[in-house]
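Engineer: One file: target_31.txt (compact mmCIF, C-alpha atoms).
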# COMPACT_ATOMS: atom_id res chain seq x y z
CA MET N 3 24.61 -15.55 -18.50
CA ARG N 4 21.53 -13.35 -18.22
CA THR N 5 19.25 -16.43 -18.17
CA SER N 6 21.35 -18.03 -15.44
CA ARG N 7 21.17 -14.87 -13.35
CA ILE N 8 17.37 -14.75 -13.68
CA ALA N 9 17.12 -18.43 -12.71
CA VAL N 10 19.39 -17.89 -9.69
CA GLN N 11 17.35 -14.89 -8.57
CA TYR N 12 14.16 -16.93 -8.88
CA VAL N 13 15.63 -19.84 -6.92
CA VAL N 14 16.97 -17.55 -4.16
CA THR N 15 13.59 -15.82 -3.87
CA ALA N 16 11.85 -19.20 -3.74
CA LEU N 17 14.26 -20.43 -1.06
CA ILE N 18 13.56 -17.36 1.07
CA SER N 19 9.84 -17.94 0.61
CA VAL N 20 10.24 -21.59 1.60
CA LEU N 21 12.23 -20.57 4.68
CA VAL N 22 9.55 -18.07 5.75
CA VAL N 23 6.79 -20.61 5.18
CA ALA N 24 8.80 -23.26 7.05
CA LEU N 25 9.29 -20.96 10.06
CA CYS N 26 5.60 -20.11 10.10
CA SER N 27 4.78 -23.80 9.80
CA VAL N 28 7.09 -24.63 12.72
CA TRP N 29 5.39 -22.02 14.89
CA ALA N 30 1.90 -23.08 13.85
CA SER N 31 2.71 -26.77 14.33
CA ARG N 32 3.96 -26.12 17.85
CA VAL N 33 0.76 -24.27 18.70
CA VAL N 34 -1.38 -27.05 17.23
CA ALA N 35 0.70 -29.72 18.95
CA ALA N 36 0.37 -27.91 22.31
CA ASP N 37 -3.40 -27.69 21.87
CA TYR N 38 -3.46 -31.37 20.96
CA ALA N 39 -1.46 -32.26 24.07
CA VAL N 40 -3.75 -30.19 26.31
CA ASP N 41 -6.78 -31.87 24.75
CA GLY N 42 -5.14 -35.19 25.57
CA ALA N 43 -4.66 -34.13 29.18
CA ILE N 44 -8.33 -33.09 29.40
CA ALA N 45 -9.41 -36.41 27.93
CA GLY N 46 -7.22 -38.33 30.42
CA THR N 47 -8.63 -36.34 33.34
CA GLN N 48 -12.20 -36.92 32.14
CA LEU N 49 -11.55 -40.65 31.93
CA ALA N 50 -10.07 -40.73 35.45
CA ALA N 51 -13.04 -38.77 36.84
CA ASP N 52 -15.64 -40.99 35.16
CA GLU N 53 -13.96 -44.35 35.79
CA ALA N 54 -12.28 -43.89 39.19
CA VAL N 55 -13.89 -40.99 41.07
CA ALA N 56 -17.55 -40.89 40.04
CA PRO N 57 -18.32 -44.46 41.25
CA VAL N 58 -17.11 -43.70 44.81
CA LEU N 59 -18.34 -40.11 45.01
CA THR N 60 -21.26 -40.17 47.47
CA ASP N 61 -23.37 -37.48 49.09
CA ALA N 62 -21.59 -38.26 52.38
CA VAL N 63 -18.50 -36.56 50.96
CA LEU N 64 -20.44 -33.28 51.08
CA THR N 65 -20.66 -33.51 54.89
CA GLY N 66 -17.06 -34.66 55.36
CA ASP N 67 -17.92 -38.24 56.40
CA PRO N 68 -14.57 -39.95 57.22
CA ALA N 69 -15.56 -43.28 55.69
CA ALA N 70 -16.70 -41.65 52.46
CA LEU N 71 -13.52 -39.59 52.26
CA GLU N 72 -11.37 -42.66 52.97
CA GLY N 73 -13.01 -44.64 50.15
CA LEU N 74 -12.61 -41.71 47.78
CA ASP N 75 -8.96 -41.24 48.81
CA ARG N 76 -8.20 -44.90 48.26
CA ALA N 77 -9.67 -44.80 44.72
CA VAL N 78 -7.76 -41.61 43.89
CA ARG N 79 -4.42 -42.95 45.08
CA GLU N 80 -4.84 -46.30 43.38
CA LYS N 81 -6.37 -45.24 40.07
CA VAL N 82 -5.77 -41.51 39.50
CA LEU N 83 -2.49 -40.31 40.94
CA ASN N 84 0.59 -41.31 38.97
CA VAL N 85 3.92 -39.92 37.82
CA SER N 86 2.20 -37.25 35.73
CA MET N 87 -0.98 -36.47 37.70
CA VAL N 88 0.17 -35.24 41.12
CA ARG N 89 -2.77 -33.52 42.83
CA VAL N 90 -6.57 -33.94 42.99
CA LYS N 91 -9.16 -31.57 44.50
CA ILE N 92 -12.94 -31.70 44.66
CA TRP N 93 -14.78 -28.41 45.31
CA ASP N 94 -18.32 -27.45 46.10
CA GLU N 95 -19.98 -24.39 44.64
CA THR N 96 -19.08 -22.24 47.67
CA GLY N 97 -15.35 -22.69 47.01
CA ARG N 98 -14.83 -25.21 49.82
CA ILE N 99 -12.43 -28.10 49.14
CA LEU N 100 -14.46 -31.23 49.86
CA TYR N 101 -11.59 -33.59 49.17
CA SER N 102 -7.87 -33.46 48.30
CA ASP N 103 -5.15 -36.04 48.34
CA GLU N 104 -3.39 -33.47 50.54
CA PRO N 105 -5.46 -33.69 53.78
CA ALA N 106 -4.32 -30.27 54.98
CA LEU N 107 -6.43 -28.66 52.24
CA ILE N 108 -9.71 -30.41 53.05
CA GLY N 109 -12.27 -27.99 54.45
CA GLU N 110 -10.48 -24.83 53.38
CA ARG N 111 -12.38 -22.32 51.31
CA PHE N 112 -11.04 -20.27 48.39
CA GLY N 113 -12.75 -18.19 45.75
CA LEU N 114 -13.54 -19.91 42.46
CA GLY N 115 -12.75 -18.22 39.18
CA ALA N 116 -15.33 -17.49 36.50
CA ASN N 117 -14.18 -20.40 34.32
CA GLU N 118 -14.30 -22.77 37.26
CA ILE N 119 -17.81 -21.68 38.23
CA GLU N 120 -18.95 -22.10 34.63
CA ALA N 121 -17.45 -25.60 34.47
CA LEU N 122 -19.00 -26.58 37.81
CA HIS N 123 -22.48 -25.72 36.56
CA GLY N 124 -22.29 -27.97 33.53
CA GLY N 125 -19.82 -26.16 31.31
CA ALA N 126 -17.21 -27.87 29.16
CA PRO N 127 -14.01 -29.14 30.78
CA ASP N 128 -11.19 -26.59 30.69
CA ALA N 129 -7.45 -26.48 31.31
CA GLU N 130 -4.90 -23.78 32.13
CA MET N 131 -1.47 -23.26 33.61
CA SER N 132 -1.77 -23.40 37.37
CA ASP N 133 -1.04 -20.22 39.34
CA LEU N 134 1.31 -21.69 41.93
CA SER N 135 1.38 -18.40 43.83
CA ALA N 136 -2.32 -18.68 44.66
CA PRO N 137 -3.16 -19.53 48.32
CA GLU N 138 -4.84 -22.80 47.38
CA ASN N 139 -1.51 -23.95 45.84
CA ARG N 140 0.73 -22.99 48.74
CA LEU N 141 1.80 -26.60 49.27
CA GLU N 142 2.98 -27.08 45.66
CA ASP N 143 6.58 -26.84 44.48
CA ARG N 144 6.70 -23.56 42.57
CA SER N 145 9.69 -24.66 40.53
CA VAL N 146 7.63 -27.35 38.80
CA PRO N 147 4.94 -25.91 36.44
CA LEU N 148 1.59 -27.66 36.60
CA LEU N 149 -1.41 -27.89 34.27
CA GLU N 150 -4.76 -27.90 36.06
CA VAL N 151 -7.80 -29.47 34.42
CA TYR N 152 -11.26 -29.01 35.94
CA LEU N 153 -14.57 -30.54 34.97
CA PRO N 154 -18.05 -31.01 36.51
CA LEU N 155 -19.26 -34.05 38.48
CA ARG N 156 -22.48 -34.76 40.37
CA THR N 157 -23.11 -36.76 43.50
CA PRO N 158 -25.80 -39.44 43.44
CA GLY N 159 -28.14 -36.83 44.94
CA GLY N 160 -27.55 -34.48 42.00
CA VAL N 161 -25.35 -31.94 43.80
CA PRO N 162 -22.78 -30.38 41.42
CA VAL N 163 -19.13 -30.48 42.41
CA LEU N 164 -15.93 -29.49 40.59
CA PHE N 165 -13.27 -32.11 39.98
CA GLU N 166 -9.78 -30.63 39.57
CA ALA N 167 -6.60 -32.52 38.73
CA TYR N 168 -3.05 -31.17 38.51
CA SER N 169 -0.50 -32.69 36.10
CA HIS N 170 3.13 -31.94 35.42
CA TYR N 171 3.31 -29.56 32.48
CA ALA N 172 6.38 -31.46 31.30
CA GLY N 173 4.02 -34.16 30.07
CA VAL N 174 2.28 -31.62 27.87
CA THR N 175 5.66 -30.37 26.62
CA GLU N 176 6.77 -33.92 25.84
CA ALA N 177 3.55 -34.70 23.98
CA THR N 178 3.90 -31.44 22.07
CA GLN N 179 7.45 -32.34 21.11
CA GLN N 180 6.39 -35.76 19.86
CA VAL N 181 3.63 -34.39 17.66
CA TRP N 182 5.81 -31.55 16.44
CA THR N 183 8.79 -33.74 15.53
CA ARG N 184 6.49 -35.99 13.51
CA PHE N 185 4.92 -33.13 11.61
CA ILE N 186 8.03 -31.06 10.83
CA PRO N 187 9.82 -33.62 8.61
CA LEU N 188 6.66 -34.05 6.55
CA GLY N 189 5.84 -30.34 6.26
CA VAL N 190 9.35 -29.04 5.65
CA GLY N 191 10.19 -32.03 3.46
CA ALA N 192 7.19 -31.27 1.25
CA LEU N 193 8.28 -27.64 0.94
CA VAL N 194 11.84 -28.64 0.02
CA LEU N 195 10.55 -31.14 -2.53
CA LEU N 196 8.32 -28.45 -4.01
CA GLU N 197 11.32 -26.12 -4.29
CA LEU N 198 13.40 -28.82 -5.99
CA LEU N 199 10.61 -29.38 -8.50
CA GLN N 200 10.45 -25.64 -9.19
CA ILE N 201 14.14 -25.33 -10.06
CA PRO N 202 13.89 -26.89 -13.56
CA ILE N 203 10.62 -25.03 -14.13
CA SER N 204 12.30 -21.75 -13.20
CA ALA N 205 15.14 -22.48 -15.60
CA VAL N 206 12.68 -23.09 -18.46
CA LEU N 207 10.72 -19.93 -17.61
CA ALA N 208 13.94 -17.91 -17.42
CA ARG N 209 14.99 -19.14 -20.88
CA ARG N 210 11.58 -18.26 -22.30
CA LEU N 211 11.72 -14.85 -20.68
CA ARG N 212 15.17 -14.20 -22.10
CA ARG N 213 14.09 -15.39 -25.55
CA ALA N 214 11.05 -13.08 -25.46
CA GLN N 215 13.27 -10.21 -24.33
CA VAL N 216 15.70 -10.84 -27.19
CA GLN N 217 12.79 -10.86 -29.65
CA ARG N 218 11.46 -7.58 -28.27
CA GLU N 219 14.92 -6.02 -28.52
CA GLU N 220 15.26 -7.23 -32.10
CA MET N 221 11.85 -5.79 -33.01
CA LEU N 222 12.80 -2.50 -31.41
CA ARG N 223 16.09 -2.46 -33.32
CA ARG N 224 14.27 -3.13 -36.60
CA THR N 225 11.75 -0.41 -35.87
CA LEU N 226 14.47 2.12 -35.11
CA THR N 227 16.34 1.09 -38.24
CA ALA N 228 13.20 1.45 -40.31
CA LEU N 229 12.53 4.88 -38.86
CA GLU N 230 16.08 5.96 -39.65
CA ASP N 231 15.72 4.60 -43.20
CA GLU N 232 12.47 6.52 -43.55
CA ARG N 233 14.12 9.75 -42.43
CA LEU N 234 16.95 9.24 -44.92
CA ARG N 235 14.50 8.51 -47.73
CA ILE N 236 12.47 11.63 -47.00
CA ALA N 237 15.64 13.71 -46.84
CA ALA N 238 16.89 12.24 -50.14
CA ASP N 239 13.52 12.78 -51.85
CA LEU N 240 13.46 16.41 -50.72
CA HIS N 241 17.07 17.06 -51.67
CA ASP N 242 17.04 15.34 -55.04
CA GLY N 243 13.54 16.43 -56.06
CA VAL N 244 11.75 19.39 -54.55
CA VAL N 245 14.82 21.26 -53.31
CA GLN N 246 16.62 20.97 -56.67
CA ASP N 247 13.55 22.00 -58.65
CA LEU N 248 12.80 25.01 -56.44
CA ALA N 249 16.47 26.01 -56.47
CA GLY N 250 16.41 25.96 -60.29
CA VAL N 251 13.28 28.14 -60.35
CA ALA N 252 14.89 30.58 -57.92
CA PHE N 253 18.04 30.87 -60.05
CA ALA N 254 16.04 31.36 -63.24
CA LEU N 255 13.77 34.02 -61.79
CA GLY N 256 16.69 35.76 -60.10
CA ALA N 257 18.62 35.90 -63.37
CA ALA N 258 15.55 37.25 -65.19
CA ALA N 259 15.08 39.95 -62.55
CA ARG N 260 18.67 41.12 -62.97
CA VAL N 261 18.29 41.41 -66.74
CA GLY N 262 15.69 44.15 -66.51
CA GLY N 263 12.23 43.35 -65.10
CA PRO N 264 9.25 41.30 -66.19
CA ALA N 265 9.33 42.54 -69.77
CA ARG N 266 12.63 40.79 -70.27
CA VAL N 267 11.27 37.39 -69.03
CA ALA N 268 10.18 35.05 -71.79
CA PRO N 269 6.68 33.56 -71.42
CA ALA N 270 8.07 30.07 -71.98
CA GLN N 271 10.47 30.55 -69.08
CA LEU N 272 7.62 31.66 -66.78
CA ALA N 273 5.49 28.68 -67.85
CA GLU N 274 8.35 26.27 -67.19
CA SER N 275 8.94 27.79 -63.74
CA ALA N 276 5.24 27.53 -62.93
CA ASP N 277 5.22 23.85 -63.96
CA THR N 278 8.25 23.21 -61.80
CA VAL N 279 6.57 24.85 -58.77
CA ARG N 280 3.39 22.83 -59.36
CA ARG N 281 5.37 19.58 -59.58
CA SER N 282 7.14 20.49 -56.35
CA VAL N 283 3.84 21.15 -54.61
CA ARG N 284 2.50 17.77 -55.80
CA ALA N 285 5.68 16.06 -54.61
CA LEU N 286 5.36 17.68 -51.19
CA ARG N 287 1.72 16.65 -50.95
CA SER N 288 2.64 13.12 -51.96
CA LEU N 289 5.30 13.07 -49.27
CA LEU N 290 2.75 14.24 -46.70
CA VAL N 291 0.39 11.46 -47.76
CA ASP N 292 3.23 8.94 -47.38
CA ILE N 293 3.85 10.11 -43.85
CA TYR N 294 0.18 10.24 -42.84
CA PRO N 295 -2.56 9.41 -45.41
CA PRO N 296 -5.48 11.68 -44.45
CA ASN N 297 -8.26 9.36 -45.72
CA LEU N 298 -6.90 6.14 -44.21
CA TYR N 299 -9.10 6.30 -41.11
CA ALA N 300 -11.80 8.70 -42.28
CA GLU N 301 -12.77 6.86 -45.50
CA GLY N 302 -11.30 3.42 -44.84
CA LEU N 303 -8.83 1.10 -46.53
CA PRO N 304 -10.57 0.77 -49.94
CA ALA N 305 -10.44 4.53 -50.60
CA ALA N 306 -6.88 4.82 -49.26
CA LEU N 307 -5.68 1.91 -51.44
CA SER N 308 -7.41 3.40 -54.49
CA ASP N 309 -5.69 6.76 -53.96
CA LEU N 310 -2.40 4.95 -53.35
CA ALA N 311 -2.60 3.05 -56.63
CA ALA N 312 -3.61 6.17 -58.60
CA ARG N 313 -0.66 8.09 -57.17
CA LEU N 314 2.10 5.47 -57.36
CA VAL N 315 1.31 3.40 -60.45
CA PRO N 316 2.90 5.14 -63.49
CA PRO N 317 1.27 5.67 -66.87
CA GLY N 318 1.45 2.55 -69.03
CA THR N 319 0.88 0.21 -66.07
CA THR N 320 -2.64 -1.02 -65.39
CA SER N 321 -3.69 -1.18 -61.75
CA VAL N 322 -6.55 -3.39 -60.56
CA LEU N 323 -8.01 -2.96 -57.06
CA ASP N 324 -10.14 -5.85 -55.77
CA VAL N 325 -11.57 -5.25 -52.29
CA ARG N 326 -14.09 -7.84 -51.16
CA ASP N 327 -16.64 -6.00 -49.03
CA PRO N 328 -17.58 -5.91 -46.32
CA LEU N 329 -14.26 -5.90 -44.54
CA PRO N 330 -14.28 -6.98 -40.86
CA PRO N 331 -13.71 -4.35 -38.14
CA LEU N 332 -9.97 -3.69 -37.86
CA ARG N 333 -7.83 -2.18 -35.16
CA ARG N 334 -5.84 0.96 -35.96
CA GLU N 335 -2.51 -0.88 -36.04
CA GLN N 336 -3.94 -3.49 -38.43
CA VAL N 337 -5.17 -0.77 -40.82
CA GLU N 338 -1.75 0.90 -40.76
CA LEU N 339 0.03 -2.42 -41.38
CA VAL N 340 -2.12 -3.26 -44.42
CA PHE N 341 -1.62 0.22 -45.89
CA ARG N 342 2.17 0.21 -45.37
CA VAL N 343 2.56 -3.23 -46.94
CA ALA N 344 0.45 -2.21 -49.96
CA GLN N 345 2.46 1.02 -50.26
CA GLU N 346 5.78 -0.84 -50.12
CA GLY N 347 4.57 -3.46 -52.58
CA LEU N 348 3.54 -0.82 -55.12
CA ARG N 349 6.80 1.09 -54.67
CA ASN N 350 8.80 -2.03 -55.46
CA VAL N 351 6.61 -2.77 -58.47
CA VAL N 352 7.23 0.73 -59.85
CA ARG N 353 10.98 0.71 -59.16
CA HIS N 354 11.96 -2.86 -59.98
CA ALA N 355 9.26 -4.93 -61.68
CA ALA N 356 8.79 -3.21 -65.09
CA ALA N 357 5.26 -4.65 -64.98
CA SER N 358 2.33 -3.97 -67.27
CA VAL N 359 -0.36 -5.02 -64.74
CA VAL N 360 -0.41 -4.81 -60.97
CA GLU N 361 -3.29 -6.11 -58.87
CA ILE N 362 -4.15 -5.24 -55.26
CA ALA N 363 -6.54 -7.73 -53.64
CA LEU N 364 -7.89 -7.37 -50.10
CA GLY N 365 -10.40 -9.64 -48.40
CA GLN N 366 -11.16 -12.02 -45.57
CA ASP N 367 -10.34 -15.71 -45.79
CA GLY N 368 -11.77 -17.47 -42.76
CA GLY N 369 -10.41 -15.73 -39.69
CA VAL N 370 -7.57 -14.06 -41.62
CA LEU N 371 -7.41 -10.73 -43.46
CA VAL N 372 -5.39 -11.27 -46.68
CA LEU N 373 -3.69 -8.58 -48.78
CA CYS N 374 -2.02 -9.54 -52.07
CA VAL N 375 0.00 -7.22 -54.31
CA THR N 376 0.73 -9.10 -57.55
CA ASP N 377 2.46 -8.00 -60.74
CA ASP N 378 3.46 -9.59 -64.08
CA GLY N 379 6.91 -8.02 -64.14
CA LYS N 380 10.37 -9.48 -64.48
CA GLY N 381 10.50 -10.94 -60.95
CA SER N 382 13.63 -11.70 -58.98
CA ALA N 383 15.37 -14.47 -57.08
CA PRO N 384 13.17 -16.01 -54.33
CA ASP N 385 15.57 -15.05 -51.53
CA ARG N 386 15.97 -11.44 -52.61
CA LEU N 387 13.95 -9.06 -50.43
CA VAL N 388 13.89 -5.56 -51.69
CA ALA N 389 14.93 -3.22 -48.90
CA SER N 390 14.89 0.09 -50.75
CA GLY N 391 12.13 2.68 -50.43
CA HIS N 392 9.82 3.40 -47.49
CA LEU N 393 10.09 0.94 -44.62
CA GLY N 394 11.56 -1.87 -46.67
CA LEU N 395 10.20 -5.40 -46.83
CA LYS N 396 12.57 -6.69 -44.15
CA ALA N 397 11.42 -4.05 -41.70
CA LEU N 398 7.80 -4.71 -42.66
CA SER N 399 8.30 -8.41 -41.99
CA GLY N 400 9.39 -7.58 -38.46
CA LEU N 401 6.47 -5.19 -38.02
CA ALA N 402 4.05 -7.85 -39.27
CA ALA N 403 5.48 -10.43 -36.88
CA GLN N 404 5.10 -7.97 -34.03
CA HIS N 405 1.33 -7.94 -34.67
CA GLY N 406 1.10 -11.70 -35.19
CA ALA N 407 0.85 -11.37 -38.98
CA VAL N 408 2.81 -13.12 -41.74
CA LEU N 409 4.42 -11.40 -44.74
CA VAL N 410 5.49 -13.65 -47.65
CA LEU N 411 7.28 -12.67 -50.89
CA ASP N 412 6.91 -15.10 -53.79
CA SER N 413 8.97 -14.24 -56.85
CA ALA N 414 10.97 -15.85 -59.63
CA PRO N 415 12.74 -14.46 -62.68
CA GLY N 416 10.34 -14.05 -65.57
CA ARG N 417 7.07 -14.75 -63.73
CA GLY N 418 6.41 -11.68 -61.66
CA THR N 419 6.14 -11.12 -57.93
CA ALA N 420 3.42 -11.69 -55.33
CA LEU N 421 3.56 -10.01 -51.93
CA ARG N 422 1.09 -11.59 -49.48
CA LEU N 423 0.16 -10.34 -46.00
CA GLU N 424 -1.97 -12.47 -43.65
CA VAL N 425 -3.35 -10.71 -40.56
CA PRO N 426 -5.19 -12.86 -38.00
CA LEU N 427 -8.46 -11.31 -36.85
Render the structure in this file as structure tokens.
Structural biologist:
Amino acid sequence: MRTSRIAVQYVVTALISVLVVALCSVWASRVVAADYAVDGAIAGTQLAADEAVAPVLTDAVLTGDPAALEGLDRAVREKVLNVSMVRVKIWDETGRILYSDEPALIGERFGLGANEIEALHGGAPDAEMSDLSAPENRLEDRSVPLLEVYLPLRTPGGVPVLFEAYSHYAGVTEATQQVWTRFIPLGVGALVLLELLQIPISAVLARRLRRAQVQREEMLRRTLTALEDERLRIAADLHDGVVQDLAGVAFALGAAARVGGPARVAPAQLAESADTVRRSVRALRSLLVDIYPPNLYAEGLPAALSDLAARLVPPGTTSVLDVRDPLPPLRREQVELVFRVAQEGLRNVVRHAAASVVEIALGQDGGVLVLCVTDDGKGSAPDRLVASGHLGLKALSGLAAQHGAVLVLDSAPGRGTALRLEVPL
């Protein structure tokens, strides 16, 4: 259920993202399509000016010669004006209309804008929405928006004039719509297809995420369990060992004090009490070392493992420490893992193996740090992991896995036990 919810959340988020991108794409495509349509109108006007107007544009037009204007008007009406292009004007640089298909405008003078002046003197063709409220456009129908395109021409004598053509803006809108409707299915369709392809991917990622989360929760549970086991072990060791011994000493000394002072206390009793106190102090120090070995980081693993073997291995059992120097640089968590595994291995040897020899080997094999704790004791069934004492082998297995390491227990009745830790470097 949790995986499905994650997948649904991912899909919903992706759909919202696709919708936002689609809306932005629609807006951008309309802008691009409008620019494309305007460019088409400019190109059409340029073609009309070059093919129809320029060949009949003579210097006589500049002086208003009737014959020249009549020839120009005939070419404009036959080759330029159509359903879309509805008005033509030719200006001189003073703002005087030299020619228009509307005769009432010929000879009138209006101010030219900066863009128009720039175009007249050789600038690039330009286009804009026509201001139908301007005096020069008083004869146009204000309810019908127009696009005006203006570009430079020259008479045979080299005099610059401005050619201006007005087209229905509906043509631009229609061209925009055509380009836009062709682009949208492709753009939005590609986004939808991408989203459909992401759905199975999101499901796989959600399952992996859930699996990783379950593994982290399991590791956390094992760690908490191990910590609780450690607390119980420390409490049991204190209660059954140090606390009982010190309580016995207190009772003995208290009883001796009630009898009648130091003279009444037997030397043997004082010696026994002193031994008990010393054993308790050693036990407390050993417990402190278990919790935090002081030489683990200061002197390194070889010294810490040597002290560990000297402290845990009982008389009658031979301990062999084989550390192949030099050891590679290790991170703090790797040092702690190696020490804890060696500590747990030795504890299990002492408590369960009844071994005569125990060997601790530490070295590098390729790109792996290998720790082996081997004994010649009685062994146990292969599937039996000893969980008593310190963190327990099961908890250590989880801790090793958390750091990418592998902990393996190899044992069989009658042939001893080998505990092997492999830590990738």
Engineer: Would you be able to write out as number ranges by chain which residues have an atom within 12 Å of (-7.1, -11.7, -51.3) in the file's coordinates, counting only C-alpha atoms?
Structural biologist: N: 323-327, 329, 340, 361-368, 370-376, 420-425
Engineer: Can those selected residues be exported to a file as a short mmCIF file (atom, residue, chain, number, x, y, z; two decimals), in the frame of the given file so that it contains C-alpha atoms?
Structural biologist:
data_model
loop_
_atom_site.label_atom_id
_atom_site.label_comp_id
_atom_site.auth_asym_id
_atom_site.auth_seq_id
_atom_site.Cartn_x
_atom_site.Cartn_y
_atom_site.Cartn_z
CA LEU N 323 -8.01 -2.96 -57.06
CA ASP N 324 -10.14 -5.85 -55.77
CA VAL N 325 -11.57 -5.25 -52.29
CA ARG N 326 -14.09 -7.84 -51.16
CA ASP N 327 -16.64 -6.00 -49.03
CA LEU N 329 -14.26 -5.90 -44.54
CA VAL N 340 -2.12 -3.26 -44.42
CA GLU N 361 -3.29 -6.11 -58.87
CA ILE N 362 -4.15 -5.24 -55.26
CA ALA N 363 -6.54 -7.73 -53.64
CA LEU N 364 -7.89 -7.37 -50.10
CA GLY N 365 -10.40 -9.64 -48.40
CA GLN N 366 -11.16 -12.02 -45.57
CA ASP N 367 -10.34 -15.71 -45.79
CA GLY N 368 -11.77 -17.47 -42.76
CA VAL N 370 -7.57 -14.06 -41.62
CA LEU N 371 -7.41 -10.73 -43.46
CA VAL N 372 -5.39 -11.27 -46.68
CA LEU N 373 -3.69 -8.58 -48.78
CA CYS N 374 -2.02 -9.54 -52.07
CA VAL N 375 0.00 -7.22 -54.31
CA THR N 376 0.73 -9.10 -57.55
CA ALA N 420 3.42 -11.69 -55.33
CA LEU N 421 3.56 -10.01 -51.93
CA ARG N 422 1.09 -11.59 -49.48
CA LEU N 423 0.16 -10.34 -46.00
CA GLU N 424 -1.97 -12.47 -43.65
CA VAL N 425 -3.35 -10.71 -40.56
#
Engineer: Using only C-alpha atoms, which residue out of N:Thr60, N:Thr175, N:Thr47, N:Asn350 lies closest to Lys81 in chain N?
Structural biologist: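 Comparing N:Thr60, N:Thr175, N:Thr47, N:Asn350 against Lys81 in chain N, the winner is N:Thr47.
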Engineer: What does the distance between CA of Arg218 in chain N and CA of Leu234 in chain N come to in Å, to one decimal place?
Structural biologist: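 That distance, rounded to one decimal, is 24.3 Å.
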Engineer: Would you pick out the contacts of range 64-70 of chain N at 9 Å or less, using only C-alpha atoms, so that residues sharing its chain but fewer than 2 positions from it are not included, and give the list as a VMD selection string?
Structural biologist: chain N and resid 58 to 62 72 to 75 94 100 to 101 108 to 109 157 161
Engineer: Using all atoms listed in the file, pick whichever of N:Leu222, N:Ala77, N:Val151, N:Leu17 has the shortest atom-to-atom distance to Leu401 in chain N.
Structural biologist: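 Distance minimum relative to Leu401 in chain N lands on N:Leu222.
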Engineer: Which residue out of N:Glu219, N:Glu197, N:Asp41, N:Asp309 has the minimum interatomic distance to Ser19 in chain N when only C-alpha atoms are used?
Structural biologist: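 Once distances to Ser19 in chain N are computed over only C-alpha atoms, the minimum belongs to N:Glu197.
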Engineer: Can you measure CA of Tyr38 in chain N to CA of Leu134 in chain N for me? One decimal in Å is fine.
Structural biologist: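 Interatomic distance here is 23.6 Å.
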Engineer: What lies within 12 Å of Ala45 in chain N using all atoms listed in the file, ignoring chain neighbours under 3 positions off, as a list in words?
Structural biologist: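 Contacts, in chain order: Tyr38, Ala39, Val40, Asp41, Gly42, Gln48, Leu49, Ala50, Ala51, Asp52, Ala126, Pro127, Asp128, Ala129, Val151, Tyr152, Leu153 and Ala167 of chain N.
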Engineer: Please save C-alpha atoms of the selected residues as a compact mmCIF listing (two decimals), keeping the file's coordinate frame.
Structural biologist:
# COMPACT_ATOMS: atom_id res chain seq x y z
CA TYR N 38 -3.46 -31.37 20.96
CA ALA N 39 -1.46 -32.26 24.07
CA VAL N 40 -3.75 -30.19 26.31
CA ASP N 41 -6.78 -31.87 24.75
CA GLY N 42 -5.14 -35.19 25.57
CA GLN N 48 -12.20 -36.92 32.14
CA LEU N 49 -11.55 -40.65 31.93
CA ALA N 50 -10.07 -40.73 35.45
CA ALA N 51 -13.04 -38.77 36.84
CA ASP N 52 -15.64 -40.99 35.16
CA ALA N 126 -17.21 -27.87 29.16
CA PRO N 127 -14.01 -29.14 30.78
CA ASP N 128 -11.19 -26.59 30.69
CA ALA N 129 -7.45 -26.48 31.31
CA VAL N 151 -7.80 -29.47 34.42
CA TYR N 152 -11.26 -29.01 35.94
CA LEU N 153 -14.57 -30.54 34.97
CA ALA N 167 -6.60 -32.52 38.73
Engineer: When you draw a straight line from CA of Phe341 in chain N to CA of Glu220 in chain N, how long is it in Å?
Structural biologist: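 CA of Phe341 in chain N sits 23.0 Å away from CA of Glu220 in chain N.
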Engineer: Let me know the centre plus edge lengths, in Å and rounded to one decimal, of a box with edges along x, y and z that contains all listed atoms of range 310-321 of chain N and is padded by 8 Å on every side, as AutoDock Vina command-line options.
Structural biologist:
--center_x -0.4 --center_y 3.5 --center_z -61.2 --size_x 22.6 --size_y 25.3 --size_z 31.7
Engineer: Here is a test: counting only C-alpha atoms, which residue of N:Leu307, N:Leu314, N:Leu122, N:Val359 is nearest to Ala344 in chain N?
Structural biologist: N:Leu307
Engineer: Ranking N:Gly406, N:Leu298, N:Leu71, N:Arg417 by minimum distance to Ala356 in chain N and counting all atoms listed in the file, which one comes first?
Structural biologist: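 So, comparing all the options, the nearest one is N:Arg417.
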Engineer: When you count only C-alpha atoms, which of these residues is closest to Glu138 in chain N: N:Glu80, N:Glu110, N:Glu335, N:Glu274?
Structural biologist: N:Glu110
Engineer: Counting only C-alpha atoms, what is within 10 Å of Gln404 in chain N, bar same-chain residues fewer than 3 positions away, as a PyMOL selection string?
Structural biologist: chain N and resi 217-218+221-222+398-401+407-408
Engineer: Could you name the residues that touch Ala172 in chain N at 10 Å or less, counting all atoms listed in the file, but leaving out those on the same chain fewer than 3 positions away, as a PDB file with C-alpha atoms, keeping the file's coordinate frame?
Structural biologist:
ATOM      1  CA  SER N  86       2.200 -37.250  35.730  1.00  0.00           C
ATOM      2  CA  VAL N 146       7.630 -27.350  38.800  1.00  0.00           C
ATOM      3  CA  PRO N 147       4.940 -25.910  36.440  1.00  0.00           C
ATOM      4  CA  LEU N 148       1.590 -27.660  36.600  1.00  0.00           C
ATOM      5  CA  LEU N 149      -1.410 -27.890  34.270  1.00  0.00           C
ATOM      6  CA  SER N 169      -0.500 -32.690  36.100  1.00  0.00           C
ATOM      7  CA  THR N 175       5.660 -30.370  26.620  1.00  0.00           C
ATOM      8  CA  GLU N 176       6.770 -33.920  25.840  1.00  0.00           C
ATOM      9  CA  ALA N 177       3.550 -34.700  23.980  1.00  0.00           C
ATOM     10  CA  THR N 178       3.900 -31.440  22.070  1.00  0.00           C
TER      11      THR N 178
END
